[in-house]
file final-v5.cif (mmCIF, C-alpha atoms)
data_query
#
loop_
_atom_site.label_atom_id
_atom_site.label_comp_id
_atom_site.auth_asym_id
_atom_site.auth_seq_id
_atom_site.Cartn_x
_atom_site.Cartn_y
_atom_site.Cartn_z
CA MET U 1 -6.69 11.45 -32.71
CA GLU U 2 -6.87 11.44 -28.98
CA ASN U 3 -10.04 10.20 -27.40
CA LYS U 4 -11.94 13.01 -25.72
CA THR U 5 -12.31 11.11 -22.47
CA GLU U 6 -8.53 11.00 -22.16
CA MET U 7 -8.42 14.73 -21.60
CA VAL U 8 -10.74 14.81 -18.59
CA LYS U 9 -9.02 15.20 -15.26
CA ILE U 10 -9.90 12.05 -13.33
CA SER U 11 -10.13 11.99 -9.54
CA SER U 12 -7.68 9.74 -7.78
CA LYS U 13 -10.58 8.03 -5.98
CA THR U 14 -12.03 7.01 -9.35
CA LEU U 15 -8.64 5.71 -10.44
CA GLN U 16 -8.47 3.67 -7.25
CA ARG U 17 -11.93 2.20 -7.79
CA LEU U 18 -11.48 1.19 -11.44
CA PRO U 19 -9.28 -1.83 -10.61
CA LYS U 20 -11.99 -2.97 -8.17
CA TYR U 21 -14.52 -2.95 -11.00
CA LEU U 22 -12.13 -4.94 -13.16
CA ASN U 23 -11.73 -7.48 -10.43
CA TYR U 24 -15.49 -7.72 -10.09
CA LEU U 25 -15.96 -8.06 -13.86
CA LYS U 26 -13.43 -10.87 -13.89
CA LYS U 27 -15.56 -12.76 -11.38
CA CYS U 28 -18.64 -12.16 -13.56
CA SER U 29 -16.78 -13.48 -16.56
CA ASN U 30 -15.69 -16.57 -14.63
CA ARG U 31 -19.35 -17.23 -13.87
CA ASN U 32 -20.30 -16.77 -17.54
CA ILE U 33 -22.27 -13.60 -16.80
CA GLU U 34 -22.39 -11.62 -20.05
CA PHE U 35 -24.18 -8.44 -18.99
CA ILE U 36 -24.07 -6.50 -15.75
CA SER U 37 -25.93 -3.39 -14.64
CA ALA U 38 -24.37 -0.51 -12.73
CA SER U 39 -26.96 -0.95 -10.01
CA GLN U 40 -26.02 -4.61 -9.54
CA MET U 41 -22.35 -3.63 -9.35
CA SER U 42 -23.26 -0.94 -6.85
CA ARG U 43 -24.99 -3.45 -4.57
CA ASP U 44 -22.31 -6.11 -4.80
CA LEU U 45 -19.40 -3.73 -4.32
CA ASN U 46 -21.04 -1.56 -1.70
CA ILE U 47 -20.35 1.63 -3.68
CA GLN U 48 -23.08 4.24 -4.31
CA HIS U 49 -24.99 3.78 -7.53
CA THR U 50 -24.35 7.28 -8.87
CA GLN U 51 -20.66 6.86 -8.08
CA VAL U 52 -20.43 3.62 -10.10
CA ARG U 53 -22.12 5.31 -13.06
CA LYS U 54 -19.80 8.31 -12.86
CA ASP U 55 -16.72 6.12 -12.58
CA LEU U 56 -17.67 3.98 -15.56
CA ALA U 57 -18.52 7.05 -17.63
CA VAL U 58 -14.91 8.27 -17.57
CA THR U 59 -13.87 5.23 -19.59
CA GLY U 60 -16.22 6.32 -22.37
CA THR U 61 -18.42 3.22 -22.34
CA GLN U 62 -22.18 3.33 -22.28
CA GLY U 63 -24.46 0.60 -21.04
CA ILE U 64 -27.54 -0.60 -22.88
CA PRO U 65 -30.73 0.65 -21.15
CA LYS U 66 -32.41 -2.07 -19.06
CA VAL U 67 -29.67 -4.55 -19.99
CA GLY U 68 -26.51 -3.02 -18.61
CA HIS U 69 -22.92 -3.28 -19.72
CA GLU U 70 -21.46 -6.11 -21.72
CA VAL U 71 -18.89 -7.56 -19.32
CA LYS U 72 -16.29 -8.15 -22.05
CA VAL U 73 -16.62 -4.65 -23.52
CA LEU U 74 -16.58 -2.90 -20.15
CA THR U 75 -13.52 -4.89 -19.07
CA ALA U 76 -11.65 -3.93 -22.22
CA SER U 77 -12.53 -0.26 -21.96
CA ILE U 78 -11.47 0.04 -18.31
CA ARG U 79 -8.21 -1.78 -19.06
CA LYS U 80 -7.57 0.51 -22.01
CA PHE U 81 -8.40 3.56 -19.93
CA LEU U 82 -5.95 2.49 -17.22
CA GLY U 83 -3.25 1.75 -19.76
CA TRP U 84 -3.29 -1.91 -18.77
CA ASP U 85 -3.74 -3.11 -22.33
CA ASN U 86 -0.06 -2.44 -23.03
CA LEU U 87 2.67 -4.17 -21.10
CA ASN U 88 5.08 -1.67 -19.53
CA SER U 89 8.53 -2.84 -18.49
CA ALA U 90 9.60 -2.09 -14.95
CA PHE U 91 12.89 -2.35 -13.07
CA LEU U 92 12.76 -3.20 -9.40
CA ILE U 93 15.39 -1.83 -7.02
CA GLY U 94 15.97 -3.71 -3.77
CA MET U 95 15.55 -7.48 -3.86
CA GLY U 96 14.73 -8.02 -0.19
CA ASN U 97 11.62 -9.89 0.97
CA LEU U 98 9.26 -7.24 -0.31
CA GLY U 99 11.07 -7.07 -3.66
CA LYS U 100 10.83 -10.84 -3.98
CA ALA U 101 7.11 -10.74 -3.16
CA ILE U 102 6.53 -8.13 -5.84
CA CYS U 103 8.52 -10.03 -8.47
CA GLY U 104 6.64 -13.20 -7.62
CA TYR U 105 3.26 -11.53 -7.94
CA GLU U 106 1.63 -13.11 -10.98
CA GLY U 107 -1.04 -10.46 -11.12
CA PHE U 108 1.20 -7.63 -12.26
CA LYS U 109 1.28 -8.69 -15.88
CA GLU U 110 -2.46 -8.48 -15.85
CA VAL U 111 -2.30 -4.83 -14.83
CA GLY U 112 0.18 -4.02 -17.57
CA ILE U 113 3.44 -4.17 -15.65
CA GLU U 114 6.26 -6.61 -16.17
CA THR U 115 9.24 -6.60 -13.87
CA VAL U 116 11.98 -7.41 -16.37
CA ALA U 117 14.92 -7.14 -13.97
CA ALA U 118 15.71 -6.51 -10.32
CA PHE U 119 18.73 -4.64 -8.95
CA ASP U 120 20.57 -5.05 -5.69
CA ILE U 121 24.08 -4.85 -4.21
CA ASN U 122 24.10 -8.20 -2.41
CA PRO U 123 26.79 -10.35 -4.14
CA GLU U 124 25.03 -13.54 -3.02
CA ILE U 125 22.02 -12.92 -5.26
CA ILE U 126 23.49 -10.98 -8.18
CA GLY U 127 23.36 -12.98 -11.39
CA LYS U 128 20.70 -15.31 -10.00
CA ARG U 129 17.05 -15.64 -10.93
CA ILE U 130 14.65 -15.08 -8.04
CA SER U 131 10.88 -15.39 -8.54
CA ASP U 132 11.72 -15.74 -12.22
CA THR U 133 13.43 -12.33 -12.28
CA ILE U 134 17.12 -11.85 -13.00
CA VAL U 135 19.00 -9.91 -10.29
CA LEU U 136 21.67 -7.49 -11.50
CA HIS U 137 24.07 -5.11 -9.77
CA ILE U 138 22.68 -1.62 -9.25
CA ASP U 139 25.67 -0.21 -11.14
CA GLU U 140 24.12 -1.59 -14.33
CA PHE U 141 20.78 0.13 -13.75
CA LYS U 142 21.39 3.44 -15.51
CA ASP U 143 22.82 2.01 -18.68
CA LEU U 144 20.19 -0.73 -19.02
CA ALA U 145 17.24 1.54 -18.24
CA LYS U 146 18.32 3.90 -21.00
CA ARG U 147 19.00 1.16 -23.54
CA MET U 148 15.74 -0.67 -22.83
CA HIS U 149 13.67 2.53 -22.48
CA VAL U 150 12.27 1.32 -19.17
CA GLN U 151 9.68 3.78 -17.84
CA ILE U 152 8.80 2.40 -14.42
CA ALA U 153 10.97 1.80 -11.36
CA ILE U 154 9.74 -0.02 -8.27
CA LEU U 155 11.57 1.09 -5.14
CA THR U 156 11.80 -1.43 -2.28
CA VAL U 157 15.10 -0.37 -0.69
CA PRO U 158 15.97 0.65 2.87
CA VAL U 159 14.91 4.21 3.68
CA ALA U 160 18.51 5.37 4.09
CA ILE U 161 19.27 4.94 0.38
CA ALA U 162 15.82 5.64 -1.10
CA GLN U 163 16.56 9.21 -2.24
CA GLU U 164 19.89 8.17 -3.77
CA MET U 165 18.14 5.43 -5.76
CA ALA U 166 15.38 7.83 -6.82
CA ASP U 167 18.07 10.20 -8.13
CA ILE U 168 19.49 7.35 -10.21
CA CYS U 169 16.01 6.76 -11.63
CA VAL U 170 15.74 10.41 -12.64
CA GLU U 171 19.14 10.30 -14.36
CA SER U 172 18.13 7.11 -16.18
CA GLY U 173 15.07 8.55 -17.89
CA ILE U 174 12.54 6.69 -15.72
CA HIS U 175 9.08 8.31 -15.97
CA ALA U 176 7.29 6.78 -12.99
CA ILE U 177 8.35 5.54 -9.56
CA TRP U 178 6.27 3.14 -7.52
CA ASN U 179 7.68 3.80 -4.08
CA PHE U 180 7.40 1.35 -1.18
CA CYS U 181 9.81 3.27 1.07
CA PRO U 182 8.29 5.36 3.84
CA VAL U 183 9.91 8.64 2.73
CA SER U 184 8.88 11.67 0.72
CA LEU U 185 11.19 11.58 -2.28
CA LYS U 186 12.38 14.83 -3.79
CA LEU U 187 11.75 14.49 -7.51
CA PRO U 188 11.37 16.68 -10.60
CA GLU U 189 7.79 17.86 -11.12
CA ASP U 190 7.21 15.76 -14.22
CA MET U 191 8.14 12.51 -12.50
CA ILE U 192 5.09 10.34 -11.75
CA ILE U 193 5.21 9.08 -8.21
CA GLU U 194 2.88 6.66 -6.48
CA ASN U 195 3.59 5.94 -2.83
CA MET U 196 2.68 2.62 -1.22
CA ASP U 197 3.38 3.64 2.31
CA ILE U 198 3.08 0.57 4.47
CA TYR U 199 4.01 2.43 7.65
CA SER U 200 1.40 5.12 7.13
CA SER U 201 -1.24 2.52 6.56
CA LEU U 202 -0.19 0.71 9.71
CA GLY U 203 -0.04 4.01 11.55
CA THR U 204 -3.68 4.64 10.74
CA LEU U 205 -4.67 1.15 11.79
CA SER U 206 -2.82 1.23 15.12
CA ARG U 207 -4.20 4.64 15.98
CA LYS U 208 -7.79 3.57 15.31
CA LEU U 209 -7.24 0.45 17.39
CA LYS U 210 -5.85 2.59 20.20
CA GLU U 211 -8.88 4.89 20.05
CA LYS U 212 -11.17 1.88 20.29
CA THR U 213 -9.22 0.38 23.18
CA ASP U 214 -9.10 3.71 25.03
CA LYS U 215 -12.86 3.91 24.79
CA GLY U 216 -12.96 0.49 26.40
CA LEU U 217 -14.82 -1.09 23.50
CA MET X 1 -8.03 10.05 32.92
CA GLU X 2 -8.01 10.24 29.20
CA ASN X 3 -5.81 12.83 27.60
CA LYS X 4 -7.82 15.57 25.95
CA THR X 5 -5.93 15.25 22.67
CA GLU X 6 -7.09 11.62 22.40
CA MET X 7 -10.64 12.77 21.85
CA VAL X 8 -9.95 15.00 18.87
CA LYS X 9 -10.94 13.56 15.51
CA ILE X 10 -7.73 13.32 13.54
CA SER X 11 -7.61 13.55 9.75
CA SER X 12 -6.38 10.49 7.94
CA LYS X 13 -3.78 12.61 6.14
CA THR X 14 -2.29 13.58 9.49
CA LEU X 15 -2.24 9.95 10.57
CA GLN X 16 -0.43 9.11 7.37
CA ARG X 17 2.18 11.81 7.90
CA LEU X 18 2.99 11.03 11.52
CA PRO X 19 5.03 7.90 10.65
CA LYS X 20 7.03 10.05 8.22
CA TYR X 21 7.93 12.42 11.06
CA LEU X 22 8.98 9.46 13.17
CA ASN X 23 11.19 8.20 10.42
CA TYR X 24 12.73 11.65 10.09
CA LEU X 25 13.25 11.96 13.85
CA LYS X 26 15.00 8.60 13.85
CA LYS X 27 17.49 9.94 11.33
CA CYS X 28 18.01 13.03 13.51
CA SER X 29 18.62 10.80 16.49
CA ASN X 30 21.13 8.71 14.52
CA ARG X 31 23.02 11.91 13.75
CA ASN X 32 22.95 12.93 17.43
CA ILE X 33 20.68 15.89 16.73
CA GLU X 34 18.93 16.70 20.03
CA PHE X 35 16.54 19.48 18.99
CA ILE X 36 14.66 20.08 15.79
CA SER X 37 12.38 22.93 14.70
CA ALA X 38 9.11 22.46 12.83
CA SER X 39 10.42 24.76 10.10
CA GLN X 40 13.52 22.59 9.60
CA MET X 41 11.31 19.50 9.41
CA SER X 42 9.08 21.32 6.94
CA ARG X 43 12.02 22.07 4.63
CA ASP X 44 13.58 18.62 4.84
CA LEU X 45 10.31 16.73 4.36
CA ASN X 46 8.84 19.05 1.77
CA ILE X 47 5.64 19.53 3.79
CA GLN X 48 4.15 22.98 4.45
CA HIS X 49 5.29 24.59 7.69
CA THR X 50 1.78 25.22 9.05
CA GLN X 51 0.88 21.61 8.27
CA VAL X 52 3.84 20.26 10.23
CA ARG X 53 2.89 22.43 13.23
CA LYS X 54 -0.74 21.30 13.05
CA ASP X 55 0.22 17.64 12.74
CA LEU X 56 2.59 17.76 15.70
CA ALA X 57 0.03 19.63 17.79
CA VAL X 58 -2.38 16.67 17.75
CA THR X 59 0.12 14.62 19.73
CA GLY X 60 -0.04 17.18 22.51
CA THR X 61 3.64 18.15 22.43
CA GLN X 62 4.85 21.72 22.41
CA GLY X 63 8.20 22.88 21.14
CA ILE X 64 10.41 25.36 22.98
CA PRO X 65 10.36 28.79 21.26
CA LYS X 66 13.48 29.42 19.14
CA VAL X 67 14.84 25.97 20.05
CA GLY X 68 12.27 23.56 18.69
CA HIS X 69 11.26 20.11 19.78
CA GLU X 70 13.44 17.74 21.75
CA VAL X 71 13.87 14.82 19.32
CA LYS X 72 13.54 12.19 22.05
CA VAL X 73 10.39 13.72 23.55
CA LEU X 74 8.70 14.31 20.20
CA THR X 75 9.47 10.75 19.09
CA ALA X 76 7.95 9.31 22.26
CA SER X 77 4.81 11.40 22.03
CA ILE X 78 4.13 10.54 18.37
CA ARG X 79 4.70 6.86 19.10
CA LYS X 80 2.35 7.04 22.08
CA PHE X 81 -0.24 8.88 20.04
CA LEU X 82 -0.11 6.24 17.31
CA GLY X 83 -0.35 3.43 19.82
CA TRP X 84 3.09 2.19 18.81
CA ASP X 85 4.39 2.17 22.37
CA ASN X 86 2.48 -1.05 23.03
CA LEU X 87 3.13 -4.21 21.07
CA ASN X 88 -0.07 -5.58 19.50
CA SER X 89 -0.16 -9.20 18.42
CA ALA X 90 -1.27 -9.91 14.87
CA PHE X 91 -2.18 -13.07 12.98
CA LEU X 92 -1.38 -13.21 9.30
CA ILE X 93 -3.60 -15.17 6.91
CA GLY X 94 -2.06 -16.32 3.64
CA MET X 95 1.65 -17.23 3.69
CA GLY X 96 2.39 -16.62 0.01
CA ASN X 97 5.20 -14.35 -1.15
CA LEU X 98 3.54 -11.23 0.20
CA GLY X 99 2.78 -12.90 3.52
CA LYS X 100 6.42 -13.97 3.81
CA ALA X 101 7.58 -10.45 3.00
CA ILE X 102 5.38 -9.03 5.72
CA CYS X 103 6.49 -11.58 8.31
CA GLY X 104 10.10 -10.90 7.42
CA TYR X 105 9.71 -7.16 7.77
CA GLU X 106 11.78 -6.22 10.82
CA GLY X 107 10.23 -2.79 11.04
CA PHE X 108 6.79 -3.92 12.18
CA LYS X 109 7.81 -4.43 15.80
CA GLU X 110 8.93 -0.84 15.81
CA VAL X 111 5.44 0.29 14.82
CA GLY X 112 3.82 -1.77 17.56
CA ILE X 113 2.82 -4.86 15.61
CA GLU X 114 4.14 -8.35 16.08
CA THR X 115 3.07 -11.13 13.75
CA VAL X 116 2.90 -14.01 16.23
CA ALA X 117 1.61 -16.65 13.82
CA ALA X 118 0.71 -17.13 10.17
CA PHE X 119 -2.10 -19.29 8.80
CA ASP X 120 -2.39 -21.13 5.51
CA ILE X 121 -3.79 -24.33 4.03
CA ASN X 122 -0.66 -25.50 2.17
CA PRO X 123 0.44 -28.76 3.87
CA GLU X 124 4.03 -28.20 2.72
CA ILE X 125 4.51 -25.20 4.99
CA ILE X 126 2.19 -25.93 7.91
CA GLY X 127 4.14 -26.56 11.10
CA LYS X 128 7.24 -24.84 9.70
CA ARG X 129 8.82 -21.55 10.64
CA ILE X 130 9.12 -19.07 7.78
CA SER X 131 10.68 -15.66 8.31
CA ASP X 132 10.76 -16.60 11.99
CA THR X 133 6.98 -17.02 12.07
CA ILE X 134 5.25 -20.33 12.78
CA VAL X 135 2.77 -21.39 10.08
CA LEU X 136 -0.42 -23.07 11.29
CA HIS X 137 -3.50 -24.45 9.57
CA ILE X 138 -6.31 -21.94 9.09
CA ASP X 139 -8.65 -24.28 10.99
CA GLU X 140 -6.78 -23.33 14.17
CA PHE X 141 -7.25 -19.60 13.64
CA LYS X 142 -10.54 -19.02 15.43
CA ASP X 143 -9.68 -20.91 18.57
CA LEU X 144 -6.19 -19.41 18.88
CA ALA X 145 -7.31 -15.84 18.15
CA LYS X 146 -9.86 -16.05 20.93
CA ARG X 147 -7.51 -17.66 23.44
CA MET X 148 -4.67 -15.22 22.71
CA HIS X 149 -6.96 -12.19 22.42
CA VAL X 150 -5.36 -11.26 19.12
CA GLN X 151 -6.78 -7.97 17.84
CA ILE X 152 -5.21 -7.59 14.40
CA ALA X 153 -5.42 -9.80 11.33
CA ILE X 154 -3.31 -9.25 8.22
CA LEU X 155 -5.02 -10.55 5.08
CA THR X 156 -2.77 -11.61 2.21
CA VAL X 157 -4.91 -14.30 0.59
CA PRO X 158 -6.21 -14.74 -2.97
CA VAL X 159 -9.18 -12.49 -3.75
CA ALA X 160 -11.51 -15.47 -4.15
CA ILE X 161 -11.34 -16.36 -0.44
CA ALA X 162 -10.80 -12.90 1.06
CA GLN X 163 -14.39 -12.38 2.25
CA GLU X 164 -14.56 -15.86 3.75
CA MET X 165 -11.36 -15.21 5.72
CA ALA X 166 -12.65 -11.79 6.80
CA ASP X 167 -15.79 -13.49 8.13
CA ILE X 168 -13.61 -15.85 10.17
CA CYS X 169 -11.82 -12.80 11.60
CA VAL X 170 -15.15 -11.29 12.65
CA GLU X 171 -16.20 -14.52 14.35
CA SER X 172 -12.85 -14.73 16.14
CA GLY X 173 -13.13 -11.36 17.88
CA ILE X 174 -10.53 -9.62 15.71
CA HIS X 175 -10.83 -5.82 16.01
CA ALA X 176 -8.81 -4.65 13.03
CA ILE X 177 -8.03 -6.03 9.58
CA TRP X 178 -5.07 -4.91 7.54
CA ASN X 179 -6.23 -5.95 4.10
CA PHE X 180 -3.85 -6.50 1.16
CA CYS X 181 -6.51 -8.07 -1.10
CA PRO X 182 -7.98 -5.90 -3.84
CA VAL X 183 -11.59 -6.28 -2.69
CA SER X 184 -14.07 -4.28 -0.65
CA LEU X 185 -14.75 -6.50 2.33
CA LYS X 186 -18.19 -6.50 3.89
CA LEU X 187 -17.63 -6.06 7.59
CA PRO X 188 -19.52 -4.99 10.71
CA GLU X 189 -19.40 -1.24 11.27
CA ASP X 190 -17.21 -1.45 14.36
CA MET X 191 -14.47 -3.43 12.60
CA ILE X 192 -11.40 -1.33 11.85
CA ILE X 193 -10.27 -1.83 8.29
CA GLU X 194 -7.21 -0.48 6.55
CA ASN X 195 -6.83 -1.37 2.88
CA MET X 196 -3.42 -1.63 1.26
CA ASP X 197 -4.64 -1.88 -2.26
CA ILE X 198 -1.67 -2.64 -4.48
CA TYR X 199 -3.76 -2.82 -7.64
CA SER X 200 -5.39 0.55 -7.06
CA SER X 201 -2.01 2.12 -6.50
CA LEU X 202 -0.71 0.53 -9.69
CA GLY X 203 -3.87 1.57 -11.48
CA THR X 204 -3.18 5.19 -10.64
CA LEU X 205 0.43 4.91 -11.73
CA SER X 206 -0.32 3.23 -15.07
CA ARG X 207 -3.03 5.73 -15.89
CA LYS X 208 -0.77 8.72 -15.18
CA LEU X 209 1.93 7.12 -17.30
CA LYS X 210 -0.56 6.59 -20.10
CA GLU X 211 -1.67 10.24 -19.90
CA LYS X 212 1.96 11.34 -20.16
CA THR X 213 2.66 8.99 -23.08
CA ASP X 214 -0.51 10.05 -24.90
CA LYS X 215 0.59 13.65 -24.63
CA GLY X 216 3.85 12.58 -26.25
CA LEU X 217 5.99 13.74 -23.36
#
call {"tool": "encode", "arguments": {"input": "final-v5.cif", "output": "structure tokens"}}
result
Amino acid sequence: MENKTEMVKISSKTLQRLPKYLNYLKKCSNRNIEFISASQMSRDLNIQHTQVRKDLAVTGTQGIPKVGHEVKVLTASIRKFLGWDNLNSAFLIGMGNLGKAICGYEGFKEVGIETVAAFDINPEIIGKRISDTIVLHIDEFKDLAKRMHVQIAILTVPVAIAQEMADICVESGIHAIWNFCPVSLKLPEDMIIENMDIYSSLGTLSRKLKEKTDKGL
Amino acid sequence: MENKTEMVKISSKTLQRLPKYLNYLKKCSNRNIEFISASQMSRDLNIQHTQVRKDLAVTGTQGIPKVGHEVKVLTASIRKFLGWDNLNSAFLIGMGNLGKAICGYEGFKEVGIETVAAFDINPEIIGKRISDTIVLHIDEFKDLAKRMHVQIAILTVPVAIAQEMADICVESGIHAIWNFCPVSLKLPEDMIIENMDIYSSLGTLSRKLKEKTDKGL
């Protein structure tokens, strides 16, 4: 039966904070700390106490009064809640510098994602292994995604072909797209999309810097 | 004198959308489209009409009734608003795969950021040029940042040393940190910080995928 906590609608801010807690718990574990209180986490992470409690509550774990949470148990329950306890296969499209960086990122396995293949059109890299990931021609994507039941696609292609590639993902039965292209993709409503918009982030940074400079600070 | 629009507090969502408009306008320009209406942009970008109008209004530009915005003029005013019309020098710290990807990203100059040097501790790459960027030892960071009046630091280091590197940025007179490490950095209040949290983004994606899978969809 489904856990009751699974049914609660979780705020995206909470979802964004949970990996931070995991990261913090990992550090505790490395230092052989076995128990941690929400108030200690709050202080160290600079997040309001009530917020930490609320966030942790969604995962269904409860701390022991005056002792706190067992680091191992809390880690496991957050990972389970995030779906990081199962390894999901992902296909990456676009093996440029960013694609290579993503494939080379050791940490992804830890968060439940394994890039099992990368796709490109550059004949110089097709058939090769880069950052331990085999590069295949994009023409093979649809067939392989269906046969391997791959659910996640990582999009790191030039903007001009991003929508076309997203359409291929839809036709291939992909359930979730992690999009690094600075475009709003048109997708069916049931497709999960998570945008990592580097330009927008930079846009915010430059604007704030400009405001500061204009004020003469 | 300062433009009145500069003083308005802009929502972060608007700041995040402005680069999308720029990207769209670039495509228009490539297709020799000279004028574009907010309603056409709204349809093509899948953003509500009133939102597009509001967003564009913050840049201080006004369209011509029944004609729309001149693509060239609108592009220039968004770029100016974002501070992308001036090139800001940035130092990158941590020349791993992600650092290399960022240095190799041609598009950054277009958004007003130029990575003039990268810093690392790996003796194998120090003194070399990677992705056209010179790699220097981190010990040289403070002195060079001060002498060159560098305002932006890009952090792509392992989590374990992120805070230490951020502290060096503070001591070096850096005004803005573009942080790719999945940690909450403790910084002075006047430091501009923009977090590109890859783990949080992945966390959201995995969780949504888990919800979908649990529902048996």
call {"tool": "resolve_selection", "arguments": {"input": "final-v5.cif", "expression": "the PyMOL selection byres ((chain X) within 6 of (chain U))", "output": "list in words"}}
result
Leu15, Gln16, Pro19, Leu82, Gly83, Asn97, Leu98, Ala101, Ser200, Thr204, Ser206, Arg207 and Lys210 of chain X
call {"tool": "atom_distance", "arguments": {"input": "final-v5.cif", "atom1": "CA of Gln163 in chain U", "atom2": "CA of Cys181 in chain U"}}
result
9.6 Å
call {"tool": "residues_around", "arguments": {"input": "final-v5.cif", "residues": "Phe91 in chain U", "least_positions_apart": "3", "cutoff": "8 Å", "atoms": "all atoms listed in the file", "output": "MDAnalysis selection string"}}
result
chainID U and resid 115:119 145 150 152:154
call {"tool": "resolve_selection", "arguments": {"input": "final-v5.cif", "expression": "the PyMOL selection byres ((chain X and resi 142) around 8)", "output": "PyMOL selection string"}}
result
chain X and resi 139-141+143-146+168-169+171-172
call {"tool": "write_last_selection", "arguments": {"input": "final-v5.cif", "atoms": "C-alpha atoms", "output": "mmCIF file, in the frame of the given file"}}
result
data_model
loop_
_atom_site.group_PDB
_atom_site.id
_atom_site.type_symbol
_atom_site.label_atom_id
_atom_site.label_comp_id
_atom_site.auth_asym_id
_atom_site.auth_seq_id
_atom_site.Cartn_x
_atom_site.Cartn_y
_atom_site.Cartn_z
ATOM 1 C CA ASP X 139 -8.650 -24.280 10.990
ATOM 2 C CA GLU X 140 -6.780 -23.330 14.170
ATOM 3 C CA PHE X 141 -7.250 -19.600 13.640
ATOM 4 C CA ASP X 143 -9.680 -20.910 18.570
ATOM 5 C CA LEU X 144 -6.190 -19.410 18.880
ATOM 6 C CA ALA X 145 -7.310 -15.840 18.150
ATOM 7 C CA LYS X 146 -9.860 -16.050 20.930
ATOM 8 C CA ILE X 168 -13.610 -15.850 10.170
ATOM 9 C CA CYS X 169 -11.820 -12.800 11.600
ATOM 10 C CA GLU X 171 -16.200 -14.520 14.350
ATOM 11 C CA SER X 172 -12.850 -14.730 16.140
#
call {"tool": "atom_distance", "arguments": {"input": "final-v5.cif", "atom1": "CA of Ala76 in chain X", "atom2": "CA of Ala90 in chain X"}}
result
22.6 Å
call {"tool": "resolve_selection", "arguments": {"input": "final-v5.cif", "expression": "the PyMOL selection byres ((chain U and resi 155) around 6)", "output": "list in words"}}
result
Ile93, Ile154, Thr156, Val157, Asn179 and Phe180 of chain U
call {"tool": "atom_distance", "arguments": {"input": "final-v5.cif", "atom1": "CA of Phe35 in chain X", "atom2": "CA of Glu70 in chain X"}}
result
4.5 Å
call {"tool": "closest_residue", "arguments": {"input": "final-v5.cif", "among": "U:Asp55, U:Glu114, U:Asp132, U:Asp120", "to": "Met95 in chain U", "atoms": "only C-alpha atoms"}}
result
U:Asp120
